[in-house]
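Asker: So I've got this file, start15.cif, and it contains mmCIF, C-alpha atoms (C1' of nucleotides):
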data_structure
loop_
_atom_site.label_atom_id
_atom_site.label_comp_id
_atom_site.auth_asym_id
_atom_site.auth_seq_id
_atom_site.Cartn_x
_atom_site.Cartn_y
_atom_site.Cartn_z
CA MET A 6 46.37 -11.61 10.54
CA ILE A 7 47.97 -14.09 8.20
CA TYR A 8 49.11 -13.28 4.69
CA SER A 9 50.06 -15.27 1.66
CA ILE A 10 53.24 -14.28 -0.13
CA GLY A 11 51.19 -12.49 -2.78
CA GLN A 12 49.33 -10.45 -0.20
CA LEU A 13 52.55 -9.55 1.57
CA SER A 14 53.99 -8.53 -1.77
CA LYS A 15 51.11 -6.12 -2.34
CA LYS A 16 51.33 -4.65 1.15
CA THR A 17 55.06 -3.97 0.84
CA ASN A 18 55.55 -3.40 -2.88
CA CYS A 19 58.24 -6.02 -2.72
CA LYS A 20 58.08 -8.59 -5.49
CA VAL A 21 57.23 -12.20 -4.70
CA PRO A 22 60.54 -13.69 -5.89
CA THR A 23 62.38 -11.02 -3.93
CA ILE A 24 60.59 -12.05 -0.74
CA ARG A 25 61.56 -15.67 -1.36
CA TYR A 26 65.09 -14.51 -2.04
CA TYR A 27 65.27 -12.61 1.26
CA GLU A 28 64.14 -15.75 3.03
CA GLU A 29 66.71 -17.84 1.22
CA ILE A 30 69.59 -15.62 2.27
CA GLY A 31 68.32 -15.51 5.82
CA LEU A 32 67.32 -11.87 5.91
CA LEU A 33 63.71 -12.71 6.56
CA ASP A 34 62.71 -15.50 8.99
CA LYS A 35 61.52 -18.68 7.36
CA ALA A 36 57.79 -18.48 6.91
CA GLN A 37 55.37 -20.99 8.38
CA ARG A 38 53.80 -23.19 5.76
CA SER A 39 50.19 -24.13 5.09
CA ALA A 40 49.10 -27.75 4.77
CA GLY A 41 49.76 -27.36 1.07
CA ASN A 42 53.28 -26.00 1.62
CA GLN A 43 52.51 -22.37 0.87
CA ARG A 44 54.17 -19.62 2.87
CA GLN A 45 52.19 -17.84 5.60
CA TYR A 46 53.25 -14.51 7.03
CA THR A 47 52.41 -12.75 10.27
CA ASP A 48 52.32 -9.05 11.05
CA HIS A 49 55.70 -9.41 12.69
CA GLN A 50 57.24 -10.58 9.45
CA TYR A 51 55.39 -7.88 7.60
CA GLN A 52 57.10 -5.32 9.86
CA SER A 53 60.48 -6.86 9.18
CA LEU A 54 59.99 -6.82 5.46
CA GLN A 55 58.83 -3.22 5.65
CA PHE A 56 62.02 -2.35 7.48
CA ILE A 57 64.11 -4.16 4.91
CA CYS A 58 62.37 -2.45 2.02
CA HIS A 59 62.78 0.95 3.57
CA CYS A 60 66.48 0.37 4.11
CA ARG A 61 66.88 -0.85 0.54
CA SER A 62 65.09 2.21 -0.81
CA LEU A 63 67.64 4.28 1.08
CA GLY A 64 70.39 2.45 -0.74
CA PHE A 65 71.74 0.30 2.06
CA SER A 66 73.34 -2.94 0.93
CA LEU A 67 71.80 -6.20 2.03
CA GLU A 68 74.68 -6.70 4.43
CA GLU A 69 74.06 -3.32 5.99
CA VAL A 70 70.39 -4.17 6.21
CA ARG A 71 71.31 -7.36 7.97
CA GLU A 72 73.24 -5.41 10.59
CA LEU A 73 70.53 -2.83 11.01
CA LEU A 74 67.94 -5.58 11.42
CA HIS A 75 70.08 -7.10 14.11
CA LEU A 76 70.66 -3.81 15.91
CA ARG A 77 66.93 -3.31 15.90
CA HIS A 78 66.65 -6.02 18.53
CA CYS A 79 69.66 -5.05 20.56
CA GLN A 80 70.09 -3.35 23.87
CA LYS A 81 70.08 0.39 23.88
CA HIS A 82 73.80 0.77 24.45
CA LYS A 83 74.45 -0.50 21.00
CA LYS A 84 72.25 2.05 19.38
CA HIS A 85 75.04 4.19 18.10
CA GLN A 86 76.21 1.41 15.87
CA ALA A 87 73.15 2.12 13.80
CA ASP A 88 74.13 5.77 13.59
CA ASP A 89 77.57 4.75 12.44
CA ILE A 90 76.19 2.64 9.64
CA VAL A 91 73.91 5.44 8.56
CA GLU A 92 76.63 8.07 8.72
CA HIS A 93 78.98 5.90 6.76
CA HIS A 94 76.33 5.44 4.15
CA LEU A 95 75.67 9.17 4.12
CA LYS A 96 79.32 9.76 3.33
CA GLU A 97 79.18 7.35 0.44
CA VAL A 98 76.05 9.00 -0.89
CA ARG A 99 77.73 12.39 -0.79
CA GLN A 100 80.80 11.08 -2.57
CA LYS A 101 78.66 9.54 -5.23
CA ILE A 102 76.82 12.83 -5.71
CA GLU A 103 80.09 14.67 -6.18
CA GLN A 104 81.35 12.13 -8.66
CA LEU A 105 78.16 12.33 -10.65
CA GLN A 106 78.22 16.10 -10.64
CA SER A 107 81.66 16.30 -12.18
CA LEU A 108 80.60 13.62 -14.61
CA GLU A 109 77.56 15.73 -15.49
CA GLU A 110 79.79 18.65 -16.21
CA GLU A 111 82.05 16.69 -18.47
CA LEU A 112 79.13 15.26 -20.41
CA LEU A 113 77.57 18.69 -20.72
CA THR A 114 80.74 20.18 -22.10
CA MET A 115 81.03 17.38 -24.61
CA VAL A 116 77.51 17.81 -25.90
CA HIS A 117 77.73 21.57 -25.88
CA ASN A 118 80.97 21.64 -27.83
CA CYS A 119 79.59 19.28 -30.38
CA LYS A 120 76.37 21.21 -30.85
CA THR A 121 78.01 24.56 -31.27
CA SER A 122 80.79 23.43 -33.55
CA GLU A 123 80.70 23.97 -37.28
CA SER A 124 82.82 20.88 -37.79
CA GLU A 125 81.51 17.92 -39.66
CA ASP A 126 83.03 15.60 -37.13
CA CYS A 127 81.43 14.60 -33.93
CA LEU A 128 83.23 16.29 -31.08
CA VAL A 129 81.55 13.97 -28.65
CA LEU A 130 83.39 11.09 -30.20
CA LYS A 131 86.55 13.14 -30.34
CA SER A 132 86.50 13.90 -26.67
CA LEU A 133 85.80 10.29 -25.88
CA ASN A 134 88.97 9.50 -27.74
CA GLN A 135 91.06 11.64 -25.49
CA GLN A 136 92.82 10.56 -22.43
CA ILE A 137 91.52 12.11 -19.26
CA MET B 97 105.06 -0.40 -31.19
CA ILE B 98 103.89 -3.69 -29.80
CA TYR B 99 102.76 -4.20 -26.24
CA SER B 100 102.20 -7.18 -24.01
CA ILE B 101 98.95 -7.28 -22.08
CA GLY B 102 100.76 -6.14 -18.96
CA GLN B 103 102.27 -3.13 -20.72
CA LEU B 104 98.91 -2.21 -22.17
CA SER B 105 97.42 -2.53 -18.74
CA LYS B 106 99.93 -0.04 -17.34
CA LYS B 107 99.41 2.40 -20.19
CA THR B 108 95.63 2.42 -19.78
CA ASN B 109 95.15 1.71 -16.09
CA CYS B 110 92.87 -1.10 -17.12
CA LYS B 111 93.47 -4.37 -15.31
CA VAL B 112 94.83 -7.35 -17.20
CA PRO B 113 91.82 -9.62 -16.61
CA THR B 114 89.55 -6.76 -17.65
CA ILE B 115 91.37 -6.45 -20.97
CA ARG B 116 90.95 -10.17 -21.55
CA TYR B 117 87.32 -9.83 -20.62
CA TYR B 118 86.78 -7.03 -23.14
CA GLU B 119 88.30 -9.23 -25.79
CA GLU B 120 86.12 -12.14 -24.77
CA ILE B 121 82.91 -10.14 -25.13
CA GLY B 122 84.05 -8.72 -28.45
CA LEU B 123 84.50 -5.14 -27.35
CA LEU B 124 88.17 -5.21 -28.17
CA ASP B 125 89.47 -6.90 -31.30
CA LYS B 126 91.18 -10.22 -30.79
CA ALA B 127 94.86 -9.64 -30.21
CA GLN B 128 97.57 -11.17 -32.33
CA ARG B 129 99.53 -13.85 -30.53
CA SER B 130 103.24 -14.42 -30.09
CA ALA B 131 104.85 -17.74 -30.93
CA GLY B 132 104.21 -18.68 -27.33
CA ASN B 133 100.54 -17.69 -27.48
CA GLN B 134 100.81 -14.43 -25.60
CA ARG B 135 98.73 -11.45 -26.65
CA GLN B 136 100.36 -8.64 -28.62
CA TYR B 137 98.79 -5.23 -28.96
CA THR B 138 99.27 -2.43 -31.44
CA ASP B 139 98.80 1.28 -31.01
CA HIS B 140 95.47 0.98 -32.74
CA GLN B 141 94.22 -1.37 -30.08
CA TYR B 142 95.70 0.84 -27.42
CA GLN B 143 93.57 3.71 -28.80
CA SER B 144 90.47 1.56 -28.71
CA LEU B 145 91.06 0.50 -25.15
CA GLN B 146 91.66 4.10 -24.19
CA PHE B 147 88.34 5.03 -25.72
CA ILE B 148 86.59 2.22 -23.88
CA CYS B 149 88.15 3.16 -20.56
CA HIS B 150 87.22 6.78 -20.96
CA CYS B 151 83.63 5.87 -21.74
CA ARG B 152 83.48 3.54 -18.76
CA SER B 153 84.86 6.23 -16.47
CA LEU B 154 82.01 8.42 -17.66
CA GLY B 155 79.56 5.75 -16.55
CA PHE B 156 78.48 4.40 -19.92
CA SER B 157 77.41 0.77 -19.89
CA LEU B 158 79.38 -1.72 -21.95
CA GLU B 159 76.52 -1.85 -24.43
CA GLU B 160 76.62 1.92 -24.82
CA VAL B 161 80.37 1.74 -25.25
CA ARG B 162 79.85 -0.84 -27.94
CA GLU B 163 77.59 1.54 -29.85
CA LEU B 164 79.91 4.47 -29.37
CA LEU B 165 82.84 2.38 -30.59
CA HIS B 166 80.85 1.51 -33.65
CA LEU B 167 79.80 5.10 -34.34
CA ARG B 168 83.40 6.09 -34.09
CA HIS B 169 84.01 4.44 -37.43
CA CYS B 170 80.83 5.53 -39.09
CA GLN B 171 80.02 8.10 -41.71
CA LYS B 172 79.50 11.62 -40.55
CA HIS B 173 75.78 11.65 -41.10
CA LYS B 174 75.39 9.26 -38.20
CA LYS B 175 77.22 11.44 -35.81
CA HIS B 176 74.17 12.63 -33.95
CA GLN B 177 73.52 9.14 -32.74
CA ALA B 178 76.50 9.60 -30.49
CA ASP B 179 75.02 12.82 -29.17
CA ASP B 180 71.80 10.98 -28.46
CA ILE B 181 73.53 8.34 -26.43
CA VAL B 182 75.43 10.95 -24.50
CA GLU B 183 72.37 13.08 -23.88
CA HIS B 184 70.39 10.08 -22.77
CA HIS B 185 73.15 9.21 -20.37
CA LEU B 186 73.29 12.79 -19.15
CA LYS B 187 69.60 12.58 -18.30
CA GLU B 188 70.16 9.44 -16.29
CA VAL B 189 73.05 11.00 -14.47
CA ARG B 190 70.90 13.97 -13.52
CA GLN B 191 68.10 11.74 -12.32
CA LYS B 192 70.51 9.76 -10.23
CA ILE B 193 71.87 12.96 -8.70
CA GLU B 194 68.39 14.07 -7.74
CA GLN B 195 67.55 10.74 -6.20
CA LEU B 196 70.75 10.74 -4.19
CA GLN B 197 70.15 14.26 -3.01
CA SER B 198 66.75 13.48 -1.58
CA LEU B 199 68.23 10.37 -0.09
CA GLU B 200 70.96 12.46 1.48
CA GLU B 201 68.34 14.67 3.05
CA GLU B 202 66.43 11.78 4.50
CA LEU B 203 69.56 10.24 5.97
CA LEU B 204 70.62 13.58 7.40
CA THR B 205 67.28 14.07 9.07
CA MET B 206 67.47 10.63 10.56
CA VAL B 207 70.90 11.13 12.03
CA HIS B 208 70.13 14.62 13.21
CA ASN B 209 66.94 13.59 14.96
CA CYS B 210 68.70 10.76 16.67
CA LYS B 211 71.61 12.89 17.84
CA THR B 212 69.47 15.66 19.26
CA SER B 213 66.94 13.47 20.98
CA GLU B 214 67.02 12.79 24.71
CA SER B 215 65.35 9.46 24.13
CA GLU B 216 67.13 6.26 25.02
CA ASP B 217 65.92 4.70 21.81
CA CYS B 218 67.61 5.01 18.50
CA LEU B 219 65.57 7.23 16.28
CA VAL B 220 67.51 6.07 13.27
CA LEU B 221 66.14 2.60 13.79
CA LYS B 222 62.71 4.05 14.48
CA SER B 223 62.58 5.93 11.25
CA LEU B 224 63.79 2.90 9.36
CA ASN B 225 60.79 1.11 10.81
CA GLN B 226 58.40 3.55 9.30
CA GLN B 227 56.73 3.26 6.01
CA ILE B 228 57.75 5.92 3.54
"C1'" DA C 278 120.61 -23.51 -16.46
"C1'" DT C 279 117.64 -21.67 -13.33
"C1'" DA C 280 114.68 -18.59 -11.18
"C1'" DC C 281 110.69 -15.99 -11.22
"C1'" DA C 282 107.59 -12.71 -13.04
"C1'" DA C 283 104.24 -12.48 -16.35
"C1'" DC C 284 101.51 -14.86 -19.17
"C1'" DC C 285 97.81 -18.59 -20.53
"C1'" DT C 286 92.91 -21.00 -19.90
"C1'" DC C 287 89.18 -22.35 -17.23
"C1'" DT C 288 85.85 -22.29 -13.58
"C1'" DA C 289 83.47 -20.09 -10.11
"C1'" DG C 290 82.23 -16.06 -7.32
"C1'" DT C 291 80.38 -11.16 -6.49
"C1'" DA C 292 75.38 -8.15 -5.67
"C1'" DA C 293 70.75 -8.31 -5.82
"C1'" DC C 294 67.83 -9.85 -7.93
"C1'" DT C 295 64.90 -11.66 -12.43
"C1'" DA C 296 63.06 -15.08 -15.76
"C1'" DG C 297 61.51 -19.36 -16.98
"C1'" DA C 298 60.38 -24.33 -16.77
"C1'" DG C 299 57.60 -27.62 -14.95
"C1'" DG C 300 54.66 -28.94 -11.45
"C1'" DT C 301 51.10 -28.23 -7.24
"C1'" DT C 302 47.47 -25.86 -4.49
"C1'" DC C 303 43.72 -22.87 -3.63
"C1'" DA C 304 39.29 -20.59 -4.38
"C1'" DA C 305 35.40 -19.65 -7.17
"C1'" DG C 306 31.83 -20.89 -10.20
"C1'" DC C 307 28.79 -24.38 -12.19
"C1'" DG D 158 31.78 -32.75 -7.01
"C1'" DC D 159 34.33 -30.99 -10.78
"C1'" DT D 160 36.74 -27.83 -13.41
"C1'" DT D 161 39.27 -23.76 -14.38
"C1'" DG D 162 42.69 -20.47 -13.67
"C1'" DA D 163 45.32 -17.68 -10.68
"C1'" DA D 164 48.64 -18.07 -7.37
"C1'" DC D 165 51.77 -20.84 -5.39
"C1'" DC D 166 55.99 -24.23 -5.20
"C1'" DT D 167 61.17 -25.57 -6.39
"C1'" DC D 168 65.02 -25.42 -9.25
"C1'" DT D 169 68.21 -23.74 -12.62
"C1'" DA D 170 70.20 -20.25 -15.18
"C1'" DG D 171 70.78 -15.35 -16.58
"C1'" DT D 172 71.84 -10.34 -15.68
"C1'" DT D 173 76.29 -6.55 -15.25
"C1'" DA D 174 80.99 -5.92 -15.17
"C1'" DC D 175 84.18 -7.72 -13.47
"C1'" DT D 176 87.42 -10.39 -9.86
"C1'" DA D 177 89.77 -14.43 -7.75
"C1'" DG D 178 91.99 -18.58 -7.91
"C1'" DA D 179 93.82 -23.01 -9.64
"C1'" DG D 180 97.03 -25.12 -12.38
"C1'" DG D 181 100.01 -24.82 -16.06
"C1'" DT D 182 103.29 -22.30 -19.73
"C1'" DT D 183 106.40 -18.59 -21.56
"C1'" DG D 184 109.67 -14.94 -21.41
"C1'" DT D 185 113.65 -12.73 -19.54
"C1'" DA D 186 117.47 -11.82 -16.62
"C1'" DT D 187 121.37 -13.67 -14.33
#
Will you turn the file into structure tokens for me?

Answerer:
Amino acid sequence: MIYSIGQLSKKTNCKVPTIRYYEEIGLLDKAQRSAGNQRQYTDHQYQSLQFICHCRSLGFSLEEVRELLHLRHCQKHKKHQADDIVEHHLKEVRQKIEQLQSLEEELLTMVHNCKTSESEDCLVLKSLNQQI
Amino acid sequence: MIYSIGQLSKKTNCKVPTIRYYEEIGLLDKAQRSAGNQRQYTDHQYQSLQFICHCRSLGFSLEEVRELLHLRHCQKHKKHQADDIVEHHLKEVRQKIEQLQSLEEELLTMVHNCKTSESEDCLVLKSLNQQI
DNA sequence: ATACAACCTCTAGTAACTAGAGGTTCAAGC
DNA sequence: GCTTGAACCTCTAGTTACTAGAGGTTGTAT
């Protein structure tokens, strides 16, 4: 099977300019071209793009994706490098969750105080004025 | 009290180039200059920068900060616009938390499966290969 | 008078795309 | 065979919120 960039885009839900961008930065192999210079993709490249998109949806950076792509074609003894990348990312995700949760609390308090106050002033703005 | 940009930076924990940047984009008023063209800040500007930094630490975008800064000097009857911005942001924060939590789960499953498997292959890489 | 830190402006770089201009190719219908 | 229009091509510039660096000036302490 051979796909045009538009068809590949539909199959992967990855936008056309994004596919070109991934090629440009060397994440995706350069596509073969038709006589009229249009990109042609194989199933192999479709698989790669799928992999990339899945990684991206999990929040990996393009550089991490690059490593994971590489590890994908490595010998088995390197497999735990992939685990390491994933575990590192997991840590970051957890940190981010914690940060956001305390942020949520602070925002909630702000809004709540403002809503329940009889003051004419906006307590939200007041609390934004304060040092942390 | 009058501060140099470096002193202001220390007082607010906001980096010097960032302060200049905020001035450049019109978030912070233009500073007075010394005879030798160096920026001089007043307590008023210190307050503003404090406000900005606090908003940023709560995850508001610079555009949101701009609105909040503006509302800060508005009549009372506009005060609920600030609430709206904050509540909107709160919603986004909650969404982000949910997304990250399901992401956390997926990553956990990946790592767990890989660790407990007897297979020589890396299940992390396998699951990254799969469509979602 | 001389260091040297802190300041100045300006340009360019970061991540990960996205938008738009201006031009070419492909496929379908007549 | 011709025309139309969608899909393709390249290239440049814009997005967010800064950060880094070059190359030069000012302020302050000794």

Asker: Using all atoms listed in the file and a cut-off of 8 Å, which residues of chain D sit close to chain A? Please list them as a PDB file with C-alpha atoms (C1' of nucleotides), in the coordinates of the input.

Answerer:
ATOM      1  C1'  DA D 164      48.640 -18.070  -7.370  1.00  0.00           C
ATOM      2  C1'  DC D 165      51.770 -20.840  -5.390  1.00  0.00           C
ATOM      3  C1'  DC D 166      55.990 -24.230  -5.200  1.00  0.00           C
TER       4       DC D 166
END

Asker: Point out the residue among C:DT295, C:DT279, C:DT286, C:DT301 with the least atom-to-atom distance to chain B, counting only C-alpha atoms (C1' of nucleotides).

Answerer: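 Using only C-alpha atoms (C1' of nucleotides), chain B sits closest to C:DT286.
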
Asker: Select residues of chain A: the criterion is any atom within 12 Å of an atom of chain C, counting all atoms listed in the file; output as a PyMOL selection string.

Answerer: chain A and resi 9+19-27+30+39-44+61+64-68

Asker: Create the file for the chosen residues now, containing C-alpha atoms and written as a CSV table (one decimal), keeping the file's coordinate frame.

Answerer:
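Printed below is result.csv as written:
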chain,number,residue,atom,x,y,z
A,9,SER,CA,50.1,-15.3,1.7
A,19,CYS,CA,58.2,-6.0,-2.7
A,20,LYS,CA,58.1,-8.6,-5.5
A,21,VAL,CA,57.2,-12.2,-4.7
A,22,PRO,CA,60.5,-13.7,-5.9
A,23,THR,CA,62.4,-11.0,-3.9
A,24,ILE,CA,60.6,-12.0,-0.7
A,25,ARG,CA,61.6,-15.7,-1.4
A,26,TYR,CA,65.1,-14.5,-2.0
A,27,TYR,CA,65.3,-12.6,1.3
A,30,ILE,CA,69.6,-15.6,2.3
A,39,SER,CA,50.2,-24.1,5.1
A,40,ALA,CA,49.1,-27.8,4.8
A,41,GLY,CA,49.8,-27.4,1.1
A,42,ASN,CA,53.3,-26.0,1.6
A,43,GLN,CA,52.5,-22.4,0.9
A,44,ARG,CA,54.2,-19.6,2.9
A,61,ARG,CA,66.9,-0.8,0.5
A,64,GLY,CA,70.4,2.4,-0.7
A,65,PHE,CA,71.7,0.3,2.1
A,66,SER,CA,73.3,-2.9,0.9
A,67,LEU,CA,71.8,-6.2,2.0
A,68,GLU,CA,74.7,-6.7,4.4

Asker: Kindly resolve the PyMOL selection byres ((chain A) within 9 of (chain B)) on the present coordinates and return the residues as a PDB file with C-alpha atoms, keeping the file's coordinate frame.

Answerer:
ATOM      1  CA  GLN A  52      57.100  -5.320   9.860  1.00  0.00           C
ATOM      2  CA  SER A  53      60.480  -6.860   9.180  1.00  0.00           C
ATOM      3  CA  GLN A  55      58.830  -3.220   5.650  1.00  0.00           C
ATOM      4  CA  PHE A  56      62.020  -2.350   7.480  1.00  0.00           C
ATOM      5  CA  ILE A  57      64.110  -4.160   4.910  1.00  0.00           C
ATOM      6  CA  CYS A  58      62.370  -2.450   2.020  1.00  0.00           C
ATOM      7  CA  HIS A  59      62.780   0.950   3.570  1.00  0.00           C
ATOM      8  CA  CYS A  60      66.480   0.370   4.110  1.00  0.00           C
ATOM      9  CA  SER A  62      65.090   2.210  -0.810  1.00  0.00           C
ATOM     10  CA  LEU A  63      67.640   4.280   1.080  1.00  0.00           C
ATOM     11  CA  GLY A  64      70.390   2.450  -0.740  1.00  0.00           C
ATOM     12  CA  LEU A  73      70.530  -2.830  11.010  1.00  0.00           C
ATOM     13  CA  LEU A  74      67.940  -5.580  11.420  1.00  0.00           C
ATOM     14  CA  LEU A  76      70.660  -3.810  15.910  1.00  0.00           C
ATOM     15  CA  ARG A  77      66.930  -3.310  15.900  1.00  0.00           C
ATOM     16  CA  LYS A  81      70.080   0.390  23.880  1.00  0.00           C
ATOM     17  CA  HIS A  82      73.800   0.770  24.450  1.00  0.00           C
ATOM     18  CA  LYS A  84      72.250   2.050  19.380  1.00  0.00           C
ATOM     19  CA  HIS A  85      75.040   4.190  18.100  1.00  0.00           C
ATOM     20  CA  ALA A  87      73.150   2.120  13.800  1.00  0.00           C
ATOM     21  CA  ASP A  88      74.130   5.770  13.590  1.00  0.00           C
ATOM     22  CA  VAL A  91      73.910   5.440   8.560  1.00  0.00           C
ATOM     23  CA  GLU A  92      76.630   8.070   8.720  1.00  0.00           C
ATOM     24  CA  HIS A  94      76.330   5.440   4.150  1.00  0.00           C
ATOM     25  CA  LEU A  95      75.670   9.170   4.120  1.00  0.00           C
ATOM     26  CA  LYS A  96      79.320   9.760   3.330  1.00  0.00           C
ATOM     27  CA  VAL A  98      76.050   9.000  -0.890  1.00  0.00           C
ATOM     28  CA  ARG A  99      77.730  12.390  -0.790  1.00  0.00           C
ATOM     29  CA  LYS A 101      78.660   9.540  -5.230  1.00  0.00           C
ATOM     30  CA  ILE A 102      76.820  12.830  -5.710  1.00  0.00           C
ATOM     31  CA  GLU A 103      80.090  14.670  -6.180  1.00  0.00           C
ATOM     32  CA  LEU A 105      78.160  12.330 -10.650  1.00  0.00           C
ATOM     33  CA  GLN A 106      78.220  16.100 -10.640  1.00  0.00           C
ATOM     34  CA  LEU A 108      80.600  13.620 -14.610  1.00  0.00           C
ATOM     35  CA  GLU A 109      77.560  15.730 -15.490  1.00  0.00           C
ATOM     36  CA  GLU A 111      82.050  16.690 -18.470  1.00  0.00           C
ATOM     37  CA  LEU A 112      79.130  15.260 -20.410  1.00  0.00           C
ATOM     38  CA  LEU A 113      77.570  18.690 -20.720  1.00  0.00           C
ATOM     39  CA  MET A 115      81.030  17.380 -24.610  1.00  0.00           C
ATOM     40  CA  VAL A 116      77.510  17.810 -25.900  1.00  0.00           C
ATOM     41  CA  CYS A 119      79.590  19.280 -30.380  1.00  0.00           C
ATOM     42  CA  LYS A 120      76.370  21.210 -30.850  1.00  0.00           C
ATOM     43  CA  GLU A 125      81.510  17.920 -39.660  1.00  0.00           C
ATOM     44  CA  ASP A 126      83.030  15.600 -37.130  1.00  0.00           C
ATOM     45  CA  CYS A 127      81.430  14.600 -33.930  1.00  0.00           C
ATOM     46  CA  VAL A 129      81.550  13.970 -28.650  1.00  0.00           C
ATOM     47  CA  LEU A 130      83.390  11.090 -30.200  1.00  0.00           C
ATOM     48  CA  LYS A 131      86.550  13.140 -30.340  1.00  0.00           C
ATOM     49  CA  LEU A 133      85.800  10.290 -25.880  1.00  0.00           C
ATOM     50  CA  ASN A 134      88.970   9.500 -27.740  1.00  0.00           C
ATOM     51  CA  GLN A 135      91.060  11.640 -25.490  1.00  0.00           C
ATOM     52  CA  GLN A 136      92.820  10.560 -22.430  1.00  0.00           C
ATOM     53  CA  ILE A 137      91.520  12.110 -19.260  1.00  0.00           C
TER      54      ILE A 137
END

Asker: Please measure the separation of CA of Ile98 in chain B and C1' of DG180 in chain D, giving the value in Å to one decimal.

Answerer: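 CA of Ile98 in chain B sits 28.5 Å away from C1' of DG180 in chain D.
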
Asker: Can you work out the spacing between CA of Arg38 in chain A and C1' of DG162 in chain D in Å, to one decimal?

Answerer: 22.5 Å

Asker: Mind giving me the straight-line distance from CA of Asn18 in chain A to CA of Arg71 in chain A in Å, one decimal?

Answerer: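 According to the coordinates, CA of Asn18 in chain A and CA of Arg71 in chain A are separated by 19.5 Å.
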